[in-house]
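Okay, query_11.cif is below, mmCIF, C-alpha atoms:
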data_run
loop_
_atom_site.label_atom_id
_atom_site.label_comp_id
_atom_site.auth_asym_id
_atom_site.auth_seq_id
_atom_site.Cartn_x
_atom_site.Cartn_y
_atom_site.Cartn_z
CA MET A 15 20.96 80.54 66.88
CA LYS A 16 21.78 83.87 65.26
CA LYS A 17 24.39 84.29 62.60
CA HIS A 18 26.98 85.95 64.79
CA SER A 19 26.51 83.76 67.84
CA ALA A 20 28.55 80.88 66.41
CA ARG A 21 32.28 81.28 66.18
CA VAL A 22 34.19 79.86 63.27
CA ALA A 23 37.02 77.48 64.13
CA PRO A 24 40.28 79.38 63.65
CA LEU A 25 42.70 78.33 60.96
CA SER A 26 46.43 78.70 60.77
CA ALA A 27 47.51 82.30 60.45
CA CYS A 28 49.87 81.29 57.66
CA ASN A 29 47.04 79.82 55.57
CA SER A 30 45.30 83.12 55.03
CA PRO A 31 46.26 85.43 52.19
CA VAL A 32 49.43 87.36 52.70
CA LEU A 33 48.94 91.03 53.57
CA THR A 34 45.43 90.31 54.84
CA LEU A 35 45.73 92.20 58.07
CA THR A 36 42.32 91.01 59.24
CA LYS A 37 41.44 87.31 59.14
CA VAL A 38 37.99 86.81 57.63
CA GLU A 39 36.33 83.42 57.89
CA GLY A 40 32.87 82.02 57.33
CA GLU A 41 29.99 83.24 55.23
CA GLU A 42 28.02 86.28 56.35
CA TRP A 43 25.18 85.50 53.98
CA PRO A 44 24.47 81.77 53.80
CA ARG A 45 23.48 80.16 50.56
CA ASP A 46 19.90 79.10 49.95
CA PRO A 47 19.02 75.99 51.94
CA PRO A 48 18.51 72.77 49.98
CA GLY A 49 15.04 71.59 49.17
CA PRO A 50 13.31 68.76 51.04
CA THR A 51 14.24 66.20 48.40
CA GLU A 52 17.87 67.28 48.28
CA ALA A 53 18.15 67.28 52.06
CA ALA A 54 16.68 63.80 52.37
CA ALA A 55 18.83 62.12 49.73
CA PRO A 56 22.55 62.39 49.03
CA ALA A 57 23.68 64.39 46.06
CA GLY A 58 23.92 62.43 42.87
CA SER A 59 21.50 59.64 43.87
CA GLU A 60 18.34 58.74 42.02
CA ALA A 61 16.21 59.80 44.98
CA SER A 62 17.34 63.42 44.60
CA GLY A 63 16.08 63.50 41.04
CA ARG A 64 19.49 64.60 39.72
CA PRO A 65 21.65 62.12 37.83
CA PRO A 66 25.32 61.88 38.84
CA GLY A 67 26.35 63.52 35.60
CA GLN A 68 24.27 66.62 36.28
CA HIS A 69 25.62 66.89 39.82
CA HIS A 70 29.18 66.62 38.50
CA CYS A 71 28.46 69.35 35.94
CA ALA A 72 27.03 71.59 38.67
CA CYS A 73 30.14 71.12 40.82
CA SER A 74 32.40 71.82 37.84
CA ARG A 75 30.41 74.94 37.00
CA ALA A 76 30.70 76.18 40.60
CA ARG A 77 34.47 75.59 40.61
CA LEU A 78 34.82 77.34 37.25
CA GLN A 79 32.85 80.30 38.55
CA LYS A 80 35.02 80.48 41.67
CA THR A 81 38.16 80.30 39.55
CA LEU A 82 36.95 83.10 37.26
CA TRP A 83 36.17 85.21 40.31
CA GLY A 84 39.67 84.36 41.51
CA VAL A 85 41.19 85.72 38.30
CA ALA A 86 39.22 88.94 38.75
CA VAL A 87 40.34 89.22 42.38
CA VAL A 88 43.98 88.55 41.44
CA LEU A 89 43.87 91.31 38.84
CA GLY A 90 42.19 93.64 41.33
CA VAL A 91 44.79 92.96 44.02
CA CYS A 92 47.68 93.31 41.58
CA ALA A 93 46.39 96.51 39.98
CA SER A 94 45.46 98.24 43.24
CA TRP A 95 48.68 97.31 45.08
CA ALA A 96 51.02 98.16 42.19
CA GLY A 97 49.02 101.30 41.41
CA ALA A 98 49.14 102.50 45.02
CA THR A 99 52.91 101.88 45.16
CA GLN A 100 53.61 103.76 41.94
CA LEU A 101 51.28 106.63 42.84
CA ALA A 102 53.01 107.01 46.20
CA ARG A 103 56.35 107.30 44.40
CA LEU A 104 54.93 110.03 42.15
CA THR A 105 53.42 111.83 45.14
CA PHE A 106 56.76 112.06 46.92
CA GLN A 107 58.23 113.99 44.00
CA THR A 108 56.15 117.03 45.01
CA PHE A 109 54.95 116.14 48.52
CA ASP A 110 57.69 114.73 50.74
CA ALA A 111 55.54 113.62 53.69
CA PRO A 112 55.24 109.82 54.04
CA PHE A 113 53.68 109.85 57.51
CA THR A 114 51.07 112.42 56.51
CA LEU A 115 50.23 110.31 53.47
CA ALA A 116 49.92 107.19 55.64
CA TRP A 117 47.71 109.07 58.11
CA PHE A 118 45.51 110.50 55.34
CA ALA A 119 45.01 107.08 53.70
CA THR A 120 44.25 105.35 57.01
CA ASN A 121 41.44 107.82 57.68
CA TRP A 122 39.60 106.25 54.77
CA ASN A 123 39.28 103.03 56.79
CA PHE A 124 36.20 104.62 58.32
CA LEU A 125 34.36 103.71 55.09
CA PHE A 126 34.69 99.94 55.66
CA PHE A 127 31.58 99.49 57.79
CA PRO A 128 29.33 101.83 55.73
CA LEU A 129 30.34 100.01 52.55
CA TYR A 130 29.72 96.67 54.25
CA TYR A 131 26.26 97.80 55.35
CA VAL A 132 25.40 98.80 51.77
CA GLY A 133 26.38 95.29 50.69
CA HIS A 134 24.31 93.83 53.54
CA VAL A 135 21.22 95.75 52.41
CA CYS A 136 21.70 94.66 48.78
CA LYS A 137 22.60 91.02 49.51
CA SER A 138 20.95 89.82 52.70
CA ALA A 139 17.36 88.57 52.77
CA GLU A 140 16.96 89.63 56.41
CA LYS A 141 17.68 93.34 56.28
CA GLN A 142 18.55 95.04 59.55
CA SER A 143 18.94 98.65 60.56
CA VAL A 144 22.36 100.18 61.06
CA GLN A 145 21.97 100.01 64.84
CA GLN A 146 20.96 96.34 64.78
CA ARG A 147 23.83 95.37 62.51
CA TYR A 148 26.24 97.42 64.61
CA ARG A 149 25.16 95.64 67.80
CA GLU A 150 25.49 92.26 66.10
CA CYS A 151 29.02 93.03 64.95
CA CYS A 152 30.02 94.49 68.32
CA ARG A 153 29.74 91.03 69.84
CA PHE A 154 33.09 90.37 68.24
CA PHE A 155 34.71 92.51 70.94
CA GLY A 156 33.04 90.64 73.81
CA ASP A 157 29.77 90.46 75.69
CA ASN A 158 29.83 94.17 76.53
CA GLY A 159 30.51 95.21 72.95
CA LEU A 160 32.83 98.02 71.91
CA THR A 161 33.44 99.78 75.22
CA LEU A 162 36.08 102.41 75.93
CA LYS A 163 38.24 99.82 77.67
CA VAL A 164 38.00 97.44 74.72
CA PHE A 165 38.78 100.28 72.33
CA PHE A 166 42.08 101.03 74.05
CA THR A 167 43.09 97.44 74.77
CA LYS A 168 41.98 95.62 71.61
CA ALA A 169 41.80 98.28 68.89
CA ALA A 170 44.45 100.87 69.74
CA PRO A 171 47.46 98.49 69.56
CA PHE A 172 46.39 97.31 66.13
CA GLY A 173 45.89 100.90 65.03
CA VAL A 174 49.49 101.64 65.96
CA LEU A 175 50.74 98.58 64.05
CA TRP A 176 48.61 99.48 61.02
CA THR A 177 50.05 103.01 60.94
CA LEU A 178 53.62 101.76 61.35
CA THR A 179 53.15 99.22 58.55
CA ASN A 180 51.98 101.88 56.10
CA TYR A 181 54.46 104.54 57.18
CA LEU A 182 57.55 102.30 56.98
CA TYR A 183 56.44 101.01 53.56
CA LEU A 184 55.92 104.53 52.22
CA HIS A 185 59.16 105.81 53.72
CA ALA A 186 61.02 102.93 52.05
CA ILE A 187 59.65 104.02 48.66
CA LYS A 188 61.56 107.28 49.13
CA LYS A 189 64.85 105.41 49.60
CA ILE A 190 64.77 102.56 47.06
CA ASN A 191 62.89 101.67 43.89
CA THR A 192 59.38 100.28 44.01
CA THR A 193 60.44 96.90 42.59
CA ASP A 194 62.68 96.19 45.56
CA VAL A 195 60.07 97.50 47.98
CA SER A 196 57.29 95.32 46.60
CA VAL A 197 59.37 92.14 46.44
CA LEU A 198 60.84 92.62 49.92
CA PHE A 199 57.37 93.17 51.37
CA CYS A 200 56.49 89.69 50.11
CA CYS A 201 58.71 88.41 52.95
CA ASN A 202 55.69 89.22 55.12
CA LYS A 203 54.45 85.69 54.52
CA ALA A 204 57.67 84.17 55.86
CA PHE A 205 57.54 86.36 58.96
CA VAL A 206 53.93 85.32 59.56
CA PHE A 207 54.95 81.67 59.44
CA LEU A 208 57.85 82.14 61.86
CA LEU A 209 55.69 84.07 64.32
CA SER A 210 52.72 81.71 64.04
CA TRP A 211 55.02 78.72 64.53
CA THR A 212 56.56 80.17 67.70
CA VAL A 213 53.61 82.11 69.14
CA LEU A 214 50.52 80.27 67.88
CA ARG A 215 52.18 76.83 67.92
CA ASP A 216 51.14 76.17 64.35
CA ARG A 217 52.12 72.93 62.67
CA PHE A 218 55.78 72.65 61.74
CA MET A 219 56.38 72.29 58.01
CA GLY A 220 59.84 71.78 56.58
CA VAL A 221 58.93 73.38 53.26
CA ARG A 222 57.95 76.59 55.03
CA ILE A 223 61.24 76.66 56.90
CA VAL A 224 62.96 76.41 53.52
CA ALA A 225 60.75 79.25 52.27
CA ALA A 226 61.69 81.41 55.27
CA ILE A 227 65.39 80.72 54.64
CA LEU A 228 64.94 81.71 50.98
CA ALA A 229 63.26 84.95 52.05
CA ILE A 230 66.13 85.84 54.39
CA ALA A 231 68.68 84.95 51.70
CA GLY A 232 66.79 87.15 49.24
CA ILE A 233 66.92 90.09 51.65
CA VAL A 234 70.69 89.72 52.03
CA MET A 235 71.20 89.46 48.26
CA MET A 236 68.97 92.47 47.66
CA THR A 237 71.16 94.47 50.04
CA TYR A 238 74.27 93.28 48.21
CA ALA A 239 72.79 94.20 44.80
CA ASP A 240 73.37 97.92 45.37
CA GLY A 241 76.72 97.53 47.11
CA PHE A 242 75.63 98.15 50.71
CA HIS A 243 75.11 101.89 50.23
CA SER A 244 73.56 103.69 53.18
CA HIS A 245 70.49 104.76 51.19
CA SER A 246 69.87 101.20 50.04
CA VAL A 247 70.45 99.62 53.45
CA ILE A 248 68.09 102.09 55.15
CA GLY A 249 65.39 101.52 52.54
CA ILE A 250 65.64 97.74 52.81
CA ALA A 251 65.55 97.97 56.62
CA LEU A 252 62.41 100.12 56.42
CA VAL A 253 60.50 97.75 54.14
CA VAL A 254 61.57 94.70 56.17
CA GLY A 255 60.36 96.53 59.27
CA SER A 256 57.05 97.22 57.52
CA ALA A 257 56.67 93.53 56.63
CA SER A 258 57.49 92.60 60.23
CA MET A 259 54.87 95.01 61.62
CA SER A 260 52.28 93.59 59.24
CA ALA A 261 53.12 90.03 60.28
CA LEU A 262 53.00 90.97 63.97
CA TYR A 263 49.61 92.61 63.42
CA LYS A 264 48.26 89.50 61.79
CA VAL A 265 49.56 87.02 64.37
CA LEU A 266 48.46 89.16 67.32
CA PHE A 267 45.01 89.49 65.78
CA LYS A 268 44.82 85.72 65.58
CA LEU A 269 46.12 85.32 69.13
CA LEU A 270 43.99 87.96 70.85
CA LEU A 271 40.84 88.20 68.75
CA GLY A 272 40.67 84.91 66.85
CA SER A 273 38.59 85.03 63.66
CA ALA A 274 36.08 87.53 62.37
CA LYS A 275 33.16 87.42 60.00
CA PHE A 276 32.67 90.01 57.31
CA GLY A 277 30.64 92.51 59.33
CA GLU A 278 32.90 92.14 62.35
CA ALA A 279 36.02 92.68 60.23
CA ALA A 280 34.47 95.76 58.59
CA LEU A 281 33.61 97.24 62.00
CA PHE A 282 37.10 96.51 63.31
CA LEU A 283 38.77 98.20 60.33
CA SER A 284 36.46 101.21 60.67
CA THR A 285 37.42 101.36 64.34
CA LEU A 286 41.06 101.63 63.28
CA GLY A 287 40.10 104.60 61.12
CA VAL A 288 38.39 106.26 64.09
CA PHE A 289 41.47 105.65 66.25
CA ASN A 290 43.64 107.19 63.55
CA VAL A 291 41.52 110.35 63.40
CA LEU A 292 41.31 110.79 67.18
CA PHE A 293 44.80 109.89 68.34
CA VAL A 294 47.21 109.96 65.38
CA THR A 295 46.20 113.32 63.90
CA CYS A 296 48.47 115.16 66.32
CA ILE A 297 51.60 113.51 64.85
CA PRO A 298 51.34 115.02 61.31
CA VAL A 299 50.65 118.39 62.96
CA VAL A 300 53.81 118.10 65.07
CA LEU A 301 55.84 116.97 62.05
CA TYR A 302 54.57 119.97 60.07
CA PHE A 303 55.47 122.60 62.65
CA THR A 304 58.85 121.01 63.37
CA LYS A 305 59.48 121.07 59.57
CA VAL A 306 60.20 117.32 59.48
CA GLU A 307 57.37 116.98 56.97
CA HIS A 308 56.76 120.51 55.74
CA TRP A 309 55.11 122.00 52.68
CA SER A 310 54.94 125.64 51.68
CA SER A 311 51.16 125.99 51.39
CA PHE A 312 48.10 123.80 51.36
CA ASP A 313 47.47 124.80 47.76
CA ASP A 314 50.66 122.95 46.78
CA ILE A 315 49.41 119.65 48.21
CA PRO A 316 48.63 117.20 45.36
CA TRP A 317 45.17 116.32 46.60
CA GLY A 318 44.48 114.24 43.51
CA ASN A 319 47.45 111.98 44.22
CA LEU A 320 46.57 111.73 47.91
CA CYS A 321 42.95 110.79 47.21
CA GLY A 322 43.96 108.43 44.40
CA PHE A 323 46.45 106.63 46.64
CA SER A 324 43.86 106.38 49.42
CA ILE A 325 41.23 104.96 47.07
CA LEU A 326 43.65 102.39 45.66
CA LEU A 327 44.77 101.34 49.15
CA LEU A 328 41.15 101.11 50.31
CA THR A 329 40.28 99.01 47.25
CA PHE A 330 43.28 96.77 47.89
CA ASN A 331 42.24 96.12 51.50
CA ILE A 332 38.59 95.55 50.58
CA VAL A 333 39.43 93.03 47.84
CA LEU A 334 42.07 91.27 49.91
CA ASN A 335 40.01 91.05 53.11
CA PHE A 336 36.64 90.18 51.59
CA GLY A 337 37.61 88.47 48.34
CA ILE A 338 37.59 85.17 50.23
CA ALA A 339 33.80 85.25 49.88
CA VAL A 340 34.04 84.50 46.15
CA THR A 341 37.33 82.70 45.55
CA TYR A 342 40.24 80.78 47.04
CA PRO A 343 42.71 82.48 49.42
CA THR A 344 45.69 81.16 47.46
CA LEU A 345 44.56 82.91 44.28
CA MET A 346 44.22 86.17 46.19
CA SER A 347 47.81 85.93 47.38
CA LEU A 348 49.06 85.48 43.82
CA GLY A 349 48.07 89.07 43.10
CA ILE A 350 50.85 90.23 45.43
CA VAL A 351 53.48 88.29 43.48
CA LEU A 352 52.18 89.58 40.15
CA SER A 353 52.57 93.17 41.34
CA VAL A 354 56.36 92.67 41.43
CA PRO A 355 56.84 92.28 37.63
CA VAL A 356 54.34 95.12 37.08
CA ASN A 357 56.44 97.43 39.26
CA ALA A 358 59.59 96.17 37.56
CA VAL A 359 58.25 97.08 34.11
CA VAL A 360 57.19 100.53 35.30
CA ASP A 361 60.56 101.12 37.00
CA HIS A 362 62.41 100.03 33.86
CA TYR A 363 60.78 102.79 31.81
CA THR A 364 60.48 105.51 34.47
CA SER A 365 63.61 105.17 36.62
CA GLN A 366 67.27 104.23 36.39
CA ILE A 367 67.00 100.82 38.03
CA VAL A 368 69.65 98.28 37.02
CA PHE A 369 68.51 94.67 36.92
CA ASN A 370 71.87 93.05 37.53
CA GLY A 371 72.26 89.34 38.15
CA VAL A 372 72.21 89.62 41.93
CA ARG A 373 68.98 91.63 41.97
CA VAL A 374 67.23 89.24 39.57
CA ILE A 375 68.31 86.19 41.60
CA ALA A 376 67.13 87.87 44.81
CA ILE A 377 63.72 88.59 43.27
CA ILE A 378 63.41 85.00 42.06
CA ILE A 379 64.46 83.57 45.44
CA ILE A 380 61.97 85.70 47.39
CA GLY A 381 59.21 84.90 44.89
CA LEU A 382 59.97 81.19 45.12
CA GLY A 383 59.84 81.34 48.91
CA PHE A 384 56.51 83.17 48.72
CA LEU A 385 55.05 80.50 46.43
CA LEU A 386 56.29 77.71 48.71
CA LEU A 387 54.46 79.34 51.61
CA LEU A 388 51.23 79.14 49.61
CA LEU A 389 51.34 75.34 49.66
CA PRO A 390 48.57 73.90 51.86
CA GLU A 391 49.43 71.95 54.99
CA GLU A 392 48.38 68.66 53.35
CA TRP A 393 50.36 69.25 50.17
CA ASP A 394 52.58 66.20 50.79
CA VAL A 395 49.52 63.95 51.25
CA TRP A 396 48.01 65.28 48.03
CA LEU A 397 51.29 64.75 46.21
CA ILE A 398 51.54 61.14 47.41
CA LYS A 399 47.95 60.47 46.35
CA LEU A 400 48.60 61.99 42.94
CA LEU A 401 51.76 59.94 42.40
CA THR A 402 49.97 56.77 43.56
CA ARG A 403 47.08 57.45 41.20
CA LEU A 404 49.45 58.00 38.29
CA LYS A 405 51.35 54.81 39.12
CA VAL A 406 48.14 52.75 39.28
CA ARG A 407 46.95 54.21 35.99
CA LYS A 408 50.28 53.38 34.35
CA LYS A 409 50.08 49.77 35.59
CA GLU A 410 46.53 49.46 34.25
CA GLU A 411 47.57 50.79 30.85
CA THR A 412 50.55 48.39 30.78
CA ALA A 413 48.32 45.45 31.70
CA GLU A 414 45.77 46.35 29.03
CA GLY A 415 48.53 46.70 26.43
CA GLY A 416 49.93 43.27 27.36
CA ALA A 417 46.48 41.69 27.16
CA ASP A 418 45.95 43.13 23.67
CA VAL A 419 49.32 41.82 22.48
CA GLY A 420 48.68 38.37 23.99
CA SER A 421 45.21 38.03 22.49
CA GLY A 422 46.25 39.18 19.02
CA PRO A 423 47.75 35.88 17.62
CA GLN A 424 44.96 33.78 19.13
CA ASN A 425 42.33 35.86 17.40
CA ARG A 426 44.18 35.61 14.10
CA GLY A 427 44.52 31.82 14.54
CA ARG A 428 40.80 31.46 15.20
CA ARG A 429 40.00 33.40 12.07
CA ALA A 430 42.41 31.26 9.99
CA ARG A 431 41.09 27.84 11.03
CA PRO A 432 37.83 27.84 8.95
CA SER A 433 39.68 28.83 5.78
CA PHE A 434 42.36 26.13 6.38
CA ALA A 435 39.70 23.41 6.82
CA ARG A 436 38.25 24.20 3.48
#

As structure tokens, please, write out the structure in this file.
Amino acid sequence: MKKHSARVAPLSACNSPVLTLTKVEGEEWPRDPPGPTEAAAPAGSEASGRPPGQHHCACSRARLQKTLWGVAVVLGVCASWAGATQLARLTFQTFDAPFTLAWFATNWNFLFFPLYYVGHVCKSAEKQSVQQRYRECCRFFGDNGLTLKVFFTKAAPFGVLWTLTNYLYLHAIKKINTTDVSVLFCCNKAFVFLLSWTVLRDRFMGVRIVAAILAIAGIVMMTYADGFHSHSVIGIALVVGSASMSALYKVLFKLLLGSAKFGEAALFLSTLGVFNVLFVTCIPVVLYFTKVEHWSSFDDIPWGNLCGFSILLLTFNIVLNFGIAVTYPTLMSLGIVLSVPVNAVVDHYTSQIVFNGVRVIAIIIIGLGFLLLLLPEEWDVWLIKLLTRLKVRKKEETAEGGADVGSGPQNRGRRARPSFAR
């Protein structure tokens, strides 16, 4: 059986990292197979030649390595997302064209599959040509591969949702500060849960309902923080719409396409870049000639900012979509939350944002709801096991303490008898 012939069992859409628009599961490059001795005997037994202590140390070392990779991924996600948000704000000071910026950055999605193939050549033991790898990954779209019909039915709708997600987010940055934009976009996770619960029939979890309620309450409080001004209400509506488009993208991907391995995900994202070049290019042209998004000359375009924003957004999507290969999905999602205080610090020194009580409470409520949505489905079982283990340990310590107290006088009496007989 070839690598791509087996499908990975799909997981809940809400379990994957927030903002991961493509669900990546499974390992593209399997680890080295165990040796004959290790395969014949269970790990940690004498027959395997490895004492239990060494096996435990190896597992601990692997977990430590995965955690360290997780820290690196968290920092990468936080830096790239916060950096892209702040650079977009700076770009709009001289280049007021959010849709053109979204279109320009989406074109860079074409690099996903070439970058993946470079990683395949460097990592995989069985190196394949570009055509062979392309045919392997095309099986993701069906038995006939990436046909014209599949392109318009399975790729084009997601290309539209991708463009809307980026455009609404960038347009919101023009209306409100980046702190509010970044924290409101974290409601994406709550929208994913609500859609996956109703559309995908995912497991009902009371804690996630509470998290969704907190997210909605945070949106209302964020609107109230600026006094319901038109500029603020429009900006909040735009970023909530962006989060909704992102959640719809993610749930529809799960519903229509299922799960994807690394190469398949890279090909799909590159396909979105091709769709953007072929069918979305006309929209910035129309906006330019109708003077909706107009600039005096092409020499005035801040190409450095545009390319920098595109590179940061590409880095963000690469780390977020493929970081699952080296660390835990929950750690990856934490990078989104950490970008909120980073944007808040930058806004404090570069803009006139006022962190009043309502805004701070709204940020805390949305962040708390986001963290609640990161809890695994079996969190209550794990909590019960942990409390039971702590209770048993406390009883054992109490019993041992009572035994020591009870045996103390007897031992002293036994020591005193020989001296008394003398």

Once the PyMOL selection byres ((chain A and resi 111-115) around 6) is applied to the coordinates I shared, what remains selected? I want it as a PDB file with C-alpha atoms, keeping the file's coordinate frame.
ATOM      1  CA  PHE A 109      54.950 116.140  48.520  1.00  0.00           C
ATOM      2  CA  ASP A 110      57.690 114.730  50.740  1.00  0.00           C
ATOM      3  CA  ALA A 116      49.920 107.190  55.640  1.00  0.00           C
ATOM      4  CA  TRP A 117      47.710 109.070  58.110  1.00  0.00           C
ATOM      5  CA  PHE A 118      45.510 110.500  55.340  1.00  0.00           C
ATOM      6  CA  TYR A 181      54.460 104.540  57.180  1.00  0.00           C
ATOM      7  CA  LEU A 184      55.920 104.530  52.220  1.00  0.00           C
ATOM      8  CA  HIS A 185      59.160 105.810  53.720  1.00  0.00           C
ATOM      9  CA  PRO A 298      51.340 115.020  61.310  1.00  0.00           C
ATOM     10  CA  GLU A 307      57.370 116.980  56.970  1.00  0.00           C
TER      11      GLU A 307
END

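When the PyMOL selection byres ((chain A and resi 311-326) around 7) is evaluated against the file, it yields Ser94, Gly97, Ala98, Leu101, Ala102, Thr105, Phe109, Leu115, Ala119, Trp122, Trp309, Ser310, Leu327, Leu328, Thr329 and Phe330 of chain A.
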
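When the PyMOL selection byres ((chain A and resi 204) around 9) is run on the displayed coordinates, the residues it returns are Cys28, Cys200, Cys201, Asn202, Lys203, Phe205, Val206, Phe207, Leu208, Leu209, Arg222, Ile223, Ala225, Ala226, Ile227, Ala229, Ile230, Ala261, Gly383, Phe384 and Leu387 of chain A.
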
Distance query range 340-352 of chain A at most 10 Å, all atoms listed in the file, self and fewer than 2 positions along chain excluded, as a CSV table (one decimal) with C-alpha atoms, keeping the file's coordinate frame:
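What landed in around.csv:
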chain,number,residue,atom,x,y,z
A,29,ASN,CA,47.0,79.8,55.6
A,30,SER,CA,45.3,83.1,55.0
A,31,PRO,CA,46.3,85.4,52.2
A,32,VAL,CA,49.4,87.4,52.7
A,33,LEU,CA,48.9,91.0,53.6
A,34,THR,CA,45.4,90.3,54.8
A,77,ARG,CA,34.5,75.6,40.6
A,79,GLN,CA,32.8,80.3,38.6
A,80,LYS,CA,35.0,80.5,41.7
A,81,THR,CA,38.2,80.3,39.6
A,82,LEU,CA,37.0,83.1,37.3
A,83,TRP,CA,36.2,85.2,40.3
A,84,GLY,CA,39.7,84.4,41.5
A,85,VAL,CA,41.2,85.7,38.3
A,86,ALA,CA,39.2,88.9,38.8
A,87,VAL,CA,40.3,89.2,42.4
A,88,VAL,CA,44.0,88.6,41.4
A,89,LEU,CA,43.9,91.3,38.8
A,90,GLY,CA,42.2,93.6,41.3
A,91,VAL,CA,44.8,93.0,44.0
A,92,CYS,CA,47.7,93.3,41.6
A,93,ALA,CA,46.4,96.5,40.0
A,94,SER,CA,45.5,98.2,43.2
A,95,TRP,CA,48.7,97.3,45.1
A,96,ALA,CA,51.0,98.2,42.2
A,196,SER,CA,57.3,95.3,46.6
A,197,VAL,CA,59.4,92.1,46.4
A,199,PHE,CA,57.4,93.2,51.4
A,200,CYS,CA,56.5,89.7,50.1
A,203,LYS,CA,54.4,85.7,54.5
A,333,VAL,CA,39.4,93.0,47.8
A,334,LEU,CA,42.1,91.3,49.9
A,335,ASN,CA,40.0,91.0,53.1
A,336,PHE,CA,36.6,90.2,51.6
A,337,GLY,CA,37.6,88.5,48.3
A,338,ILE,CA,37.6,85.2,50.2
A,354,VAL,CA,56.4,92.7,41.4
A,355,PRO,CA,56.8,92.3,37.6
A,356,VAL,CA,54.3,95.1,37.1
A,357,ASN,CA,56.4,97.4,39.3
A,380,ILE,CA,62.0,85.7,47.4
A,381,GLY,CA,59.2,84.9,44.9
A,382,LEU,CA,60.0,81.2,45.1
A,384,PHE,CA,56.5,83.2,48.7
A,385,LEU,CA,55.0,80.5,46.4
A,387,LEU,CA,54.5,79.3,51.6
A,388,LEU,CA,51.2,79.1,49.6
A,389,LEU,CA,51.3,75.3,49.7
A,390,PRO,CA,48.6,73.9,51.9

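Among the candidates A:Trp176, A:Phe165, A:Tyr131, A:Tyr263, the residue lying nearest to Val294 in chain A is A:Trp176 (atoms considered: all atoms listed in the file).
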
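Residue nearest Phe369 in chain A within the list A:Asn191, A:Thr285, A:Thr212, A:Thr179: A:Asn191 [criterion: smallest interatomic distance, only C-alpha atoms].
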
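Closest approach to Val368 in chain A among A:Asn121, A:Ser256, A:Thr193, A:Thr402: A:Thr193, based on all atoms listed in the file.
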
Extract, using only C-alpha atoms, all DNA, RNA and protein residues at most 8 Å from Gly249 in chain A, discarding same-chain residues fewer than 3 positions from it, and format them as JSON, numbers by chain. {"A": [185, 186, 187, 188, 189, 190, 245, 246, 252, 253]}

Kindly give the distance, in Å, that separates CA of Tyr148 in chain A and CA of Phe282 in chain A, rounded to a single decimal. 11.0 Å

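Atom pair CA of Val195 in chain A / CA of Thr99 in chain A has a distance of 8.9 Å (rounded to one decimal).
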
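When CA of Lys168 in chain A is paired with CA of Leu283 in chain A, their separation reads 12.0 Å.
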
Show me, as a PyMOL selection string, the residues that have an atom within 9 Å of Ala239 in chain A when counting all atoms listed in the file, minus same-chain residues fewer than 5 positions from it. chain A and resi 234+369-373+376

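Shortest separation to Leu292 in chain A among A:Leu104, A:Ile375, A:Ala170, A:Ala274 occurs at residue A:Ala170, atoms counted being only C-alpha atoms.
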
Calculated over only C-alpha atoms, which of the candidates A:Arg217, A:Lys268, A:His243, A:His134 has the smallest distance to Gln146 in chain A? A:His134
